[in-house]
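Shown next: upload15.cif, given as mmCIF, C-alpha atoms and all ligand atoms.
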```cif
data_final
loop_
_atom_site.label_atom_id
_atom_site.label_comp_id
_atom_site.auth_asym_id
_atom_site.auth_seq_id
_atom_site.Cartn_x
_atom_site.Cartn_y
_atom_site.Cartn_z
CA MET A 442 0.00 0.00 0.00
CA SER A 443 1.02 3.61 -0.49
CA PHE A 444 -0.76 6.92 -1.08
CA ARG A 445 -1.73 5.51 -4.48
CA ASN A 446 -4.09 3.10 -2.72
CA VAL A 447 -5.96 5.76 -0.77
CA VAL A 448 -9.37 6.34 -2.35
CA GLY A 449 -10.21 10.07 -2.59
CA HIS A 450 -8.73 12.88 -0.43
CA GLU A 451 -6.38 14.10 -3.20
CA LEU A 452 -5.96 17.60 -1.75
CA GLN A 453 -5.13 16.32 1.72
CA LEU A 454 -2.55 13.91 0.27
CA GLN A 455 -0.98 16.76 -1.74
CA VAL A 456 -0.58 18.85 1.41
CA LEU A 457 0.97 15.98 3.37
CA ARG A 458 3.33 14.99 0.58
CA ARG A 459 4.53 18.60 0.20
CA THR A 460 5.22 18.64 3.93
CA ILE A 461 7.42 15.55 3.59
CA ALA A 462 9.21 17.14 0.60
CA ARG A 463 9.95 20.30 2.60
CA GLY A 464 11.18 18.22 5.54
CA ARG A 465 9.53 20.39 8.19
CA VAL A 466 6.98 18.08 9.77
CA PRO A 467 4.85 19.46 12.62
CA PRO A 468 4.98 17.67 16.00
CA ALA A 469 1.22 16.99 16.04
CA TYR A 470 -1.59 16.55 13.55
CA LEU A 471 -5.32 16.21 14.05
CA PHE A 472 -7.09 14.42 11.18
CA LEU A 473 -10.79 15.33 11.38
CA GLY A 474 -13.61 13.68 9.45
CA PRO A 475 -16.48 11.19 9.59
CA PRO A 476 -15.72 7.63 10.78
CA ARG A 477 -14.41 5.22 8.13
CA VAL A 478 -13.59 7.82 5.44
CA GLY A 479 -9.93 6.80 5.48
CA LYS A 480 -8.24 9.08 8.06
CA THR A 481 -6.34 6.28 9.79
CA LEU A 482 -5.23 4.76 6.49
CA VAL A 483 -3.84 8.14 5.39
CA ALA A 484 -2.10 8.51 8.79
CA LEU A 485 -0.44 5.10 8.36
CA GLU A 486 0.65 5.84 4.79
CA PHE A 487 1.98 9.23 5.88
CA ALA A 488 4.02 7.59 8.66
CA LYS A 489 5.49 5.14 6.15
CA ALA A 490 6.20 7.73 3.44
CA LEU A 491 7.93 9.98 6.01
CA ASN A 492 10.56 7.32 6.62
CA CYS A 493 10.81 5.68 3.19
CA LEU A 494 14.42 5.50 1.98
CA THR A 495 13.68 5.71 -1.76
CA PRO A 496 13.73 9.28 -3.11
CA PRO A 497 10.72 10.16 -5.31
CA PRO A 498 11.22 10.26 -9.11
CA GLU A 499 12.29 13.66 -10.47
CA GLY A 500 9.44 16.16 -10.32
CA GLN A 501 7.18 13.99 -8.16
CA LEU A 502 6.14 14.38 -4.53
CA PRO A 503 7.29 11.79 -1.94
CA ASP A 504 5.38 8.52 -1.44
CA ALA A 505 6.24 5.19 0.17
CA CYS A 506 8.04 2.81 -2.23
CA ASP A 507 6.85 -0.33 -0.37
CA GLN A 508 10.19 -1.98 -1.30
CA CYS A 509 12.86 -0.52 0.98
CA ASP A 510 13.80 -1.89 4.37
CA GLU A 511 11.85 0.80 6.27
CA CYS A 512 8.67 0.33 4.23
CA ARG A 513 8.83 -3.45 4.65
CA ARG A 514 9.32 -3.30 8.40
CA PHE A 515 6.41 -0.94 8.55
CA GLU A 516 4.16 -3.26 6.51
CA ARG A 517 5.11 -6.21 8.72
CA GLY A 518 4.07 -4.19 11.75
CA SER A 519 7.54 -4.50 13.24
CA HIS A 520 8.91 -0.96 12.86
CA PRO A 521 10.42 0.07 16.20
CA ASP A 522 9.71 3.77 15.61
CA PHE A 523 6.02 3.50 14.96
CA GLY A 524 3.17 3.16 17.45
CA PHE A 525 -0.59 2.81 17.04
CA LEU A 526 -3.29 3.34 19.65
CA GLN A 527 -7.02 2.80 19.33
CA PRO A 528 -9.89 2.47 21.81
CA LEU A 529 -9.82 -0.96 23.39
CA VAL A 530 -11.60 -2.92 26.07
CA ARG A 531 -9.97 -5.57 28.21
CA VAL A 532 -12.04 -8.72 28.36
CA GLN A 533 -11.65 -11.94 30.25
CA LEU A 534 -12.16 -15.28 28.52
CA GLU A 535 -12.76 -18.61 30.23
CA ASP A 536 -12.47 -22.02 28.56
CA GLU A 537 -14.31 -25.24 29.57
CA THR A 538 -11.71 -26.09 32.17
CA GLY A 539 -12.20 -22.75 33.88
CA GLU A 540 -8.83 -21.43 32.65
CA ARG A 541 -8.98 -17.64 32.38
CA THR A 542 -7.13 -15.47 29.89
CA ARG A 543 -7.27 -11.73 29.27
CA THR A 544 -7.34 -10.16 25.85
CA GLN A 545 -8.20 -6.81 24.25
CA VAL A 546 -10.70 -6.00 21.53
CA ALA A 547 -11.84 -2.81 19.83
CA GLY A 548 -13.76 -0.86 22.42
CA SER A 549 -14.88 2.58 23.41
CA MET A 550 -12.13 4.07 25.60
CA ILE A 551 -8.46 5.06 25.47
CA GLN A 552 -7.13 4.79 29.01
CA VAL A 553 -4.38 6.88 30.58
CA GLU A 554 -2.07 3.82 30.90
CA ALA A 555 -1.97 3.45 27.10
CA ILE A 556 -1.13 7.16 26.63
CA THR A 557 1.56 7.01 29.34
CA GLU A 558 3.21 4.08 27.59
CA LEU A 559 3.06 5.83 24.21
CA ILE A 560 4.55 9.06 25.58
CA ALA A 561 7.44 7.25 27.25
CA GLU A 562 8.35 5.84 23.84
CA ALA A 563 7.77 9.15 22.06
CA TYR A 564 10.52 10.83 24.10
CA LEU A 565 13.13 8.21 23.18
CA LYS A 566 15.39 8.87 20.18
CA PRO A 567 14.32 7.06 16.99
CA VAL A 568 15.90 3.61 16.75
CA ARG A 569 16.36 3.71 12.98
CA ALA A 570 13.83 6.08 11.39
CA ARG A 571 14.22 9.77 10.62
CA ARG A 572 11.08 10.43 12.62
CA LYS A 573 9.06 8.45 15.10
CA VAL A 574 5.35 8.47 14.33
CA PHE A 575 2.50 7.63 16.71
CA VAL A 576 -1.09 7.39 15.54
CA ILE A 577 -3.94 7.76 18.04
CA SER A 578 -7.07 6.62 16.24
CA SER A 579 -10.45 7.92 17.55
CA ALA A 580 -8.68 10.29 19.92
CA GLU A 581 -12.03 11.54 21.27
CA ALA A 582 -12.23 8.20 23.10
CA MET A 583 -9.47 9.35 25.47
CA ASN A 584 -10.82 9.67 29.00
CA GLU A 585 -10.02 12.84 30.92
CA PRO A 586 -6.78 11.69 32.59
CA ALA A 587 -5.55 10.34 29.23
CA ALA A 588 -6.34 13.64 27.46
CA ASN A 589 -4.58 15.67 30.16
CA LYS A 590 -1.54 13.44 29.96
CA LEU A 591 -1.38 13.87 26.17
CA LEU A 592 -1.80 17.63 26.50
CA LYS A 593 1.38 17.87 28.59
CA THR A 594 3.28 16.13 25.78
CA LEU A 595 1.88 18.51 23.16
CA GLU A 596 3.00 21.45 25.27
CA GLU A 597 6.60 20.19 25.17
CA PRO A 598 6.74 17.99 22.07
CA PRO A 599 9.60 15.49 21.81
CA GLY A 600 12.10 16.41 19.06
CA ALA A 601 11.96 13.87 16.25
CA THR A 602 8.42 12.65 16.85
CA THR A 603 5.09 13.31 15.15
CA LEU A 604 1.77 12.42 16.77
CA ILE A 605 -1.26 11.98 14.52
CA LEU A 606 -4.65 12.07 16.21
CA THR A 607 -7.79 11.13 14.30
CA ALA A 608 -11.30 12.12 15.39
CA ALA A 609 -14.80 12.56 14.02
CA GLY A 610 -15.04 16.08 15.46
CA THR A 611 -13.55 18.41 18.03
CA ALA A 612 -16.52 18.42 20.43
CA ASN A 613 -15.09 15.73 22.72
CA LEU A 614 -11.47 16.89 22.59
CA LEU A 615 -9.81 19.39 24.92
CA PRO A 616 -9.64 22.74 23.04
CA THR A 617 -6.04 23.03 24.27
CA ILE A 618 -5.22 19.77 22.44
CA VAL A 619 -6.97 20.89 19.24
CA SER A 620 -5.15 24.24 19.21
CA ARG A 621 -1.73 22.55 19.38
CA CYS A 622 -2.36 20.30 16.38
CA GLN A 623 -2.07 20.99 12.69
CA ILE A 624 -5.62 20.22 11.52
CA VAL A 625 -6.30 18.31 8.30
CA ARG A 626 -9.99 17.87 7.43
CA PHE A 627 -11.31 14.86 5.53
CA GLY A 628 -14.71 14.98 3.85
CA PRO A 629 -16.84 12.17 2.42
CA VAL A 630 -15.44 10.53 -0.71
CA PRO A 631 -17.75 10.98 -3.76
CA PRO A 632 -19.73 7.76 -4.54
CA ARG A 633 -18.25 7.53 -8.05
CA GLN A 634 -14.72 7.43 -6.62
CA ILE A 635 -15.76 4.87 -4.01
CA GLU A 636 -17.24 2.71 -6.75
CA ALA A 637 -14.04 2.89 -8.81
CA GLY A 638 -11.91 2.22 -5.71
CA LEU A 639 -13.96 -0.82 -4.73
CA ALA A 640 -13.82 -2.24 -8.26
CA ALA A 641 -10.02 -1.84 -8.28
CA GLN A 642 -9.45 -3.31 -4.81
CA LEU A 643 -12.08 -6.09 -4.98
CA PRO A 644 -11.88 -7.29 -8.61
CA THR A 645 -13.98 -10.43 -8.01
CA ALA A 646 -16.91 -8.61 -6.35
CA GLN A 647 -20.29 -8.32 -8.09
CA PRO A 648 -20.70 -4.94 -9.87
CA ASP A 649 -24.24 -4.64 -8.43
CA ALA A 650 -23.01 -5.06 -4.86
CA ILE A 651 -20.28 -2.46 -5.49
CA HIS A 652 -22.80 0.00 -6.90
CA ILE A 653 -25.17 -0.35 -3.92
CA ALA A 654 -22.36 -0.19 -1.35
CA ALA A 655 -20.94 2.97 -2.95
CA ALA A 656 -24.36 4.63 -3.01
CA LEU A 657 -25.05 3.73 0.63
CA SER A 658 -21.63 4.49 2.00
CA GLY A 659 -22.23 8.17 2.74
CA GLY A 660 -18.70 8.74 1.45
CA LYS A 661 -17.11 6.27 3.88
CA PHE A 662 -14.87 3.99 1.88
CA GLY A 663 -14.05 1.61 4.77
CA TRP A 664 -17.73 1.05 5.43
CA ALA A 665 -18.46 0.49 1.72
CA ARG A 666 -15.72 -2.13 1.59
CA ASP A 667 -17.21 -3.98 4.57
CA LEU A 668 -20.60 -4.01 2.84
CA VAL A 669 -19.19 -5.57 -0.34
CA GLU A 670 -17.09 -8.12 1.51
CA GLN A 671 -19.97 -9.17 3.80
CA PRO A 672 -23.29 -9.42 1.92
CA ARG A 673 -25.04 -10.24 5.23
CA LEU A 674 -24.45 -6.63 6.25
CA LEU A 675 -26.66 -5.46 3.38
CA GLU A 676 -29.43 -7.69 4.70
CA ILE A 677 -29.04 -6.29 8.23
CA ARG A 678 -29.17 -2.78 6.79
CA ARG A 679 -32.45 -3.56 5.02
CA ARG A 680 -33.92 -4.80 8.29
CA VAL A 681 -32.83 -1.70 10.24
CA LEU A 682 -34.31 0.62 7.59
CA ALA A 683 -37.58 -1.33 7.67
CA LEU A 684 -37.68 -0.71 11.43
CA ALA A 685 -37.09 3.03 10.90
CA ALA A 686 -39.97 3.09 8.40
CA ARG A 687 -42.19 1.47 11.02
CA TRP A 688 -41.26 3.98 13.73
CA ALA A 689 -42.80 6.77 11.69
CA ARG A 690 -46.21 5.23 12.39
CA CYS A 691 -46.07 3.21 15.59
CA GLY A 692 -46.81 4.13 19.19
CA ARG A 693 -44.18 4.96 21.76
CA LEU A 694 -44.70 1.66 23.57
CA GLU A 695 -42.67 0.09 20.78
CA ALA A 696 -39.56 1.93 21.92
CA LEU A 697 -38.57 -0.89 24.27
CA GLN A 698 -38.99 -3.49 21.56
CA GLY A 699 -37.13 -1.28 19.08
CA ALA A 700 -34.11 -1.02 21.39
CA GLU A 701 -34.02 -4.81 21.59
CA GLN A 702 -34.18 -5.06 17.79
CA LEU A 703 -31.27 -2.65 17.36
CA ILE A 704 -29.19 -4.67 19.82
CA ALA A 705 -30.04 -7.84 17.89
CA ALA A 706 -28.93 -6.13 14.65
CA ALA A 707 -25.65 -5.11 16.31
CA GLU A 708 -25.09 -8.70 17.42
CA GLU A 709 -25.59 -9.94 13.87
CA TRP A 710 -23.29 -7.21 12.59
CA TRP A 711 -20.60 -8.46 14.96
CA THR A 712 -20.94 -12.12 13.91
CA ALA A 713 -21.02 -11.16 10.22
CA THR A 714 -17.74 -9.24 10.47
CA GLN A 715 -15.84 -11.62 12.77
CA THR A 716 -14.65 -15.02 11.75
CA ASP A 717 -12.56 -16.48 14.55
CA GLU A 718 -13.80 -18.47 17.54
CA VAL A 719 -12.59 -15.87 19.99
CA ALA A 720 -15.25 -13.53 18.58
CA ALA A 721 -18.13 -15.84 19.54
CA GLU A 722 -16.62 -16.39 22.97
CA LEU A 723 -16.13 -12.66 23.46
CA LEU A 724 -19.74 -12.02 22.62
CA LYS A 725 -20.89 -14.65 25.10
CA ARG A 726 -18.78 -13.32 27.95
CA ASN A 727 -18.90 -9.59 27.32
CA ARG A 728 -22.08 -9.04 25.37
CA ASP A 729 -22.73 -5.49 26.46
CA ARG A 730 -19.19 -4.26 25.88
CA VAL A 731 -18.85 -5.89 22.47
CA LEU A 732 -22.27 -4.76 21.27
CA ARG A 733 -21.84 -1.12 22.24
CA THR A 734 -19.16 -0.77 19.53
CA LYS A 735 -21.28 -2.51 16.86
CA VAL A 736 -24.41 -0.53 17.69
CA LEU A 737 -22.54 2.51 16.33
CA ASP A 738 -22.61 0.92 12.86
CA VAL A 739 -26.34 0.31 13.22
CA LEU A 740 -26.91 3.92 14.30
CA ASP A 741 -25.03 5.05 11.18
CA ILE A 742 -27.70 3.30 9.09
CA LEU A 743 -30.38 5.24 10.97
CA LEU A 744 -28.41 8.46 10.43
CA SER A 745 -28.61 7.81 6.68
CA TRP A 746 -32.40 7.37 7.02
CA PHE A 747 -32.89 10.74 8.70
CA ARG A 748 -30.42 12.36 6.32
CA ASP A 749 -32.62 11.11 3.46
CA LEU A 750 -35.77 12.41 5.17
CA ALA A 751 -34.13 15.83 5.50
CA ALA A 752 -33.18 15.74 1.81
CA LEU A 753 -36.79 14.89 0.86
CA ALA A 754 -38.13 17.70 3.07
CA ASN A 755 -35.77 20.10 1.36
CA GLY A 756 -37.36 18.99 -1.92
CA SER A 757 -35.24 21.05 -4.30
CA ARG A 758 -34.06 18.04 -6.35
CA PRO A 759 -35.80 14.82 -7.41
CA PRO A 760 -35.58 11.96 -4.83
CA ALA A 761 -33.57 9.68 -7.14
CA GLU A 762 -30.71 12.22 -7.10
CA VAL A 763 -30.52 12.95 -3.39
CA LEU A 764 -31.38 9.70 -1.59
CA VAL A 765 -28.65 7.51 -0.13
CA ASN A 766 -31.19 4.72 0.46
CA SER A 767 -32.73 4.93 -2.98
CA ASP A 768 -34.08 1.35 -2.69
CA PHE A 769 -36.28 2.67 0.18
CA GLN A 770 -37.69 5.61 -1.74
CA ALA A 771 -41.33 4.51 -1.27
CA GLU A 772 -40.92 4.06 2.51
CA LEU A 773 -39.05 7.35 2.85
CA THR A 774 -41.66 9.27 0.88
CA ALA A 775 -44.42 7.79 3.07
CA ALA A 776 -42.50 8.63 6.27
CA ALA A 777 -41.84 12.18 5.07
CA THR A 778 -45.60 12.87 5.04
CA VAL A 779 -45.86 11.87 8.73
CA TYR A 780 -43.04 13.95 10.25
CA PRO A 781 -43.54 17.66 10.96
CA ARG A 782 -41.11 20.30 9.69
CA GLY A 783 -37.63 20.07 11.24
CA ALA A 784 -38.18 16.55 12.59
CA ALA A 785 -35.53 14.95 10.37
CA GLN A 786 -32.85 17.33 11.67
CA ARG A 787 -33.90 16.61 15.27
CA GLY A 788 -33.74 12.88 14.55
CA PHE A 789 -30.23 13.41 13.25
CA ASP A 790 -29.32 15.30 16.46
CA PHE A 791 -30.80 12.59 18.73
CA LEU A 792 -28.75 9.96 16.92
CA SER A 793 -25.55 11.98 17.17
CA GLU A 794 -26.12 12.43 20.92
CA ALA A 795 -26.70 8.70 21.38
CA ARG A 796 -23.53 7.94 19.43
CA LEU A 797 -21.51 10.21 21.70
CA ALA A 798 -23.11 8.75 24.85
CA LEU A 799 -22.27 5.20 23.75
CA ALA A 800 -18.72 6.17 22.82
CA GLY A 801 -18.49 7.19 26.48
CA ASN A 802 -19.73 4.88 29.15
CA ALA A 803 -23.51 5.24 28.96
CA ASN A 804 -25.68 2.17 29.54
CA LEU A 805 -26.34 0.55 26.16
CA ARG A 806 -29.96 -0.52 26.57
CA LEU A 807 -31.04 2.60 28.40
CA THR A 808 -29.43 4.89 25.82
CA LEU A 809 -31.20 3.08 22.98
CA GLU A 810 -34.57 3.12 24.76
CA VAL A 811 -34.33 6.86 25.35
CA LEU A 812 -33.20 7.37 21.75
CA LEU A 813 -36.20 5.43 20.44
CA LEU A 814 -38.65 7.30 22.65
CA HIS A 815 -37.30 10.48 21.08
CA LEU A 816 -37.30 9.14 17.51
CA ILE A 817 -40.81 7.71 17.75
CA GLY A 818 -41.97 10.91 19.49
CA LEU A 819 -40.84 12.92 16.46
CA ALA A 820 -43.89 11.73 14.55
CA HIS A 821 -46.20 12.70 17.45
CA PRO A 822 -44.73 15.98 18.73
CA GLN A 823 -47.67 16.87 20.99
CA ALA A 824 -47.64 13.43 22.67
CA ALA A 825 -43.88 13.58 23.21
CA ASP A 826 -44.23 16.35 25.77
CA THR A 827 -46.70 14.55 28.02
ZN ZN B 1 10.30 2.74 0.99
#
```

Translate the structure of the given file into structure tokens.
Amino acid sequence: MSFRNVVGHELQLQVLRRTIARGRVPPAYLFLGPPRVGKTLVALEFAKALNCLTPPPEGQLPDACDQCDECRRFERGSHPDFGFLQPLVRVQLEDETGERTRTQVAGSMIQVEAITELIAEAYLKPVRARRKVFVISSAEAMNEPAANKLLKTLEEPPGATTLILTAAGTANLLPTIVSRCQIVRFGPVPPRQIEAGLAAQLPTAQPDAIHIAAALSGGKFGWARDLVEQPRLLEIRRRVLALAARWARCGRLEALQGAEQLIAAAEEWWTATQTDEVAAELLKRNRDRVLRTKVLDVLDILLSWFRDLAALANGSRPPAEVLVNSDFQAELTAAATVYPRGAAQRGFDFLSEARLALAGNANLRLTLEVLLLHLIGLAHPQAADT
């Protein structure tokens, strides 16, 4: 992989490659943009290109060659001057004999211990690279002690080190962290580019599946790729959208049932995207903690529903041009007649709040039940206040 394999974000890549060419790399970056648009991939490629030993061809900007010793170590995941942090949860597994082991899976929090460890390494001289690079993916998942610890490092950055933070937005980051980072913003990738990227990277995939995934992706290439690689996800998506269509017309008593259905969808999402046995065991032992990360994917589907409703309410262009979920045009049009003005935007806000709450430590079931009471109440504004 190299910058050539990044789908979209041409301007951002230009800026980063010019920075490498000039040789004056800032101590800290903040890559901002929606989840799964490719921020972390760009951060990894940037880290590799920064330390690649092969000079770029005359007249071209730097990129990783993928051949030299540095690039290869990096690809093998064994480069001593590179570190990667993402939100994790510690879980305990138990086999039939009662033997217990601890492991870590993708989770919702970056703890202070992980930041402390990263910083200790960041202050050491590079072992072999020109620059040490540390990527902190989903930096908004840092708890308060972790964020404060990182802030101290940004105030006195270590010499030959660059930190790259990625986040969906700045709302959950300390303003003092944001102000010390060079910000690079990433927007959604246009569907046509996603379609071309998927076709190039997944040459055996069905063109129909690629077309649907690109249209549904909301500009998130990583998500589109998951959809093509796991056709079961498309089925889960259909089910979640059918639920959303139902909520436009049902009573608020269905909120409890709806929360249960979303959790079930998250569970299926998890099993569809995991293949090893540990995954099933993890789900059994730590259901709540595993599902809270997958529910975020399910909430993204609902976000696309309310985004479509807002586009229909806006009404300036024909539905076929503006809808992400164009296969649900009939259901969306019917729902749009039920909701009062402004309801789609409020639905969008409720979902964003729930996402943030779940990325923190909020109770999964309770958060979803409250969310559904709000979403179902949107169609009956006068009843929602009683
Ligand atoms: Zn190289």

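Using all atoms listed in the file, the smallest distance between any of A:Asn613, A:Gln786, A:Ser745, A:Asn727 and Asn766 in chain A comes from A:Ser745.
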
(request) Figure out the distance between CA of Asn492 in chain A and CA of Arg569 in chain A, please, to one decimal in Å. (result) 9.3 Å

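In this comparison, which uses only C-alpha atoms, the residue of A:Val456, A:Ala689, A:Leu606, A:Ala563 approaching Ala484 in chain A most closely is A:Leu606.
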
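The nearest approach to Gly692 in chain A among the residues A:Val448, A:His815, A:Glu709, A:Gly500, with only C-alpha atoms taken into account, belongs to A:His815.
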
(request) Please identify all polymer residues within 12 Å of Ala640 in chain A, counting all atoms listed in the file, omitting same-chain residues fewer than 5 positions from it, and present them as number ranges by chain. (result) A: 448, 633-635, 645-652, 654-655, 662, 665-666, 669-670

(request) Using only C-alpha atoms and all ligand atoms, determine which residues fall within 8 Å of ligand ZN 1 (chain B), then list them as a PyMOL selection string. (result) chain A and resi 489-490+492-495+504-513

Could those selected residues go to a file with C-alpha atoms, as a PDB file, in the coordinates of the input?
```pdb
ATOM      1  CA  LYS A 489       5.490   5.140   6.150  1.00  0.00           C
ATOM      2  CA  ALA A 490       6.200   7.730   3.440  1.00  0.00           C
ATOM      3  CA  ASN A 492      10.560   7.320   6.620  1.00  0.00           C
ATOM      4  CA  CYS A 493      10.810   5.680   3.190  1.00  0.00           C
ATOM      5  CA  LEU A 494      14.420   5.500   1.980  1.00  0.00           C
ATOM      6  CA  THR A 495      13.680   5.710  -1.760  1.00  0.00           C
ATOM      7  CA  ASP A 504       5.380   8.520  -1.440  1.00  0.00           C
ATOM      8  CA  ALA A 505       6.240   5.190   0.170  1.00  0.00           C
ATOM      9  CA  CYS A 506       8.040   2.810  -2.230  1.00  0.00           C
ATOM     10  CA  ASP A 507       6.850  -0.330  -0.370  1.00  0.00           C
ATOM     11  CA  GLN A 508      10.190  -1.980  -1.300  1.00  0.00           C
ATOM     12  CA  CYS A 509      12.860  -0.520   0.980  1.00  0.00           C
ATOM     13  CA  ASP A 510      13.800  -1.890   4.370  1.00  0.00           C
ATOM     14  CA  GLU A 511      11.850   0.800   6.270  1.00  0.00           C
ATOM     15  CA  CYS A 512       8.670   0.330   4.230  1.00  0.00           C
ATOM     16  CA  ARG A 513       8.830  -3.450   4.650  1.00  0.00           C
TER      17      ARG A 513
END
```

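Note that CA of Leu639 in chain A and CA of Ala488 in chain A are 23.9 Å apart.
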
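Between CA of Arg463 in chain A and CA of Cys622 in chain A the separation is 18.5 Å.
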
Around all the atoms of range 492-495 of chain A listed in the file, draw an axis-aligned box and extend it by 4 Å on each of the six sides; I want its centre and edge lengths in Å to one decimal, as AutoDock Vina command-line options.
```
--center_x 12.5 --center_y 6.4 --center_z 2.4 --size_x 11.9 --size_y 9.8 --size_z 16.4
```

(message) Given all atoms listed in the file as the basis, pick out the residue of A:Gly610, A:Pro616, A:Pro644, A:Gly474 nearest to Asn589 in chain A.
(response) A:Pro616

(message) Within 10 Å of (-44.7, 11.7, 15.7) (file coordinates; all atoms listed in the file), which protein or nucleic acid residues are there? I'd like them as number ranges by chain.
(response) A: 688-693, 779-781, 784, 815-825

(request) Name the residues in contact with Pro521 in chain A at a cut-off of 9 Å, using only C-alpha atoms, excluding same-chain residues fewer than 2 positions from it; report them as an MDAnalysis selection string. (result) chainID A and resid 514:515 518:519 523:524 567:570 573

(request) Write out as a list of chain:residue names which residues come within 10 Å of Phe575 in chain A when counting only C-alpha atoms, dropping same-chain ones fewer than 3 positions away. (result) A:Ala469, A:Ala484, A:Leu485, A:Ala488, A:Asp522, A:Phe523, A:Gly524, A:Phe525, A:Leu526, A:Leu559, A:Ile560, A:Glu562, A:Ala563, A:Arg572, A:Ser578, A:Thr602, A:Thr603, A:Leu604, A:Ile605, A:Leu606

(message) Just want the 10 Å neighbourhood of range 800-810 of chain A, counted on only C-alpha atoms, with same-chain residues fewer than 2 positions away dropped. Output as a ChimeraX atom specification.
(response) /A:528,548-550,579,581-584,613,695-701,703-704,729-730,732-734,736-737,740,792,794-798,812-816

(request) Using all atoms listed in the file, find the one residue out of A:Ile556, A:Leu799, A:Leu452, A:Ala580 that sits nearest to Val625 in chain A. (result) A:Leu452

Could you model N, CA and C atoms for range 554-570 of chain A and present them as a CSV table (one decimal), in the frame of the given file?
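This is the output file part.csv:
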```
chain,number,residue,atom,x,y,z
A,554,GLU,N,-3.2,4.7,30.9
A,554,GLU,CA,-2.1,3.8,30.9
A,554,GLU,C,-1.5,3.7,29.5
A,555,ALA,N,-2.4,3.6,28.5
A,555,ALA,CA,-2.0,3.4,27.1
A,555,ALA,C,-1.2,4.7,26.6
A,556,ILE,N,-1.8,5.9,27.0
A,556,ILE,CA,-1.1,7.2,26.6
A,556,ILE,C,0.2,7.3,27.3
A,557,THR,N,0.3,6.9,28.6
A,557,THR,CA,1.6,7.0,29.3
A,557,THR,C,2.6,6.2,28.7
A,558,GLU,N,2.3,5.0,28.3
A,558,GLU,CA,3.2,4.1,27.6
A,558,GLU,C,3.7,4.7,26.3
A,559,LEU,N,2.7,5.2,25.5
A,559,LEU,CA,3.1,5.8,24.2
A,559,LEU,C,4.0,7.0,24.4
A,560,ILE,N,3.7,7.9,25.4
A,560,ILE,CA,4.6,9.1,25.6
A,560,ILE,C,6.0,8.7,26.0
A,561,ALA,N,6.1,7.7,26.8
A,561,ALA,CA,7.4,7.2,27.2
A,561,ALA,C,8.3,6.9,26.0
A,562,GLU,N,7.6,6.2,25.1
A,562,GLU,CA,8.4,5.8,23.8
A,562,GLU,C,8.6,7.1,23.0
A,563,ALA,N,7.7,8.0,22.9
A,563,ALA,CA,7.8,9.2,22.1
A,563,ALA,C,9.0,10.0,22.4
A,564,TYR,N,9.4,10.0,23.7
A,564,TYR,CA,10.5,10.8,24.1
A,564,TYR,C,11.9,10.2,23.9
A,565,LEU,N,11.9,8.9,23.5
A,565,LEU,CA,13.1,8.2,23.2
A,565,LEU,C,13.6,8.6,21.8
A,566,LYS,N,14.9,8.6,21.5
A,566,LYS,CA,15.4,8.9,20.2
A,566,LYS,C,14.9,7.8,19.2
A,567,PRO,N,14.7,8.1,17.9
A,567,PRO,CA,14.3,7.1,17.0
A,567,PRO,C,15.4,6.0,16.9
A,568,VAL,N,15.0,4.7,16.8
A,568,VAL,CA,15.9,3.6,16.8
A,568,VAL,C,16.6,3.6,15.4
A,569,ARG,N,15.8,3.8,14.3
A,569,ARG,CA,16.4,3.7,13.0
A,569,ARG,C,15.7,4.7,12.0
A,570,ALA,N,14.5,5.2,12.3
A,570,ALA,CA,13.8,6.1,11.4
A,570,ALA,C,14.3,7.5,11.5
```
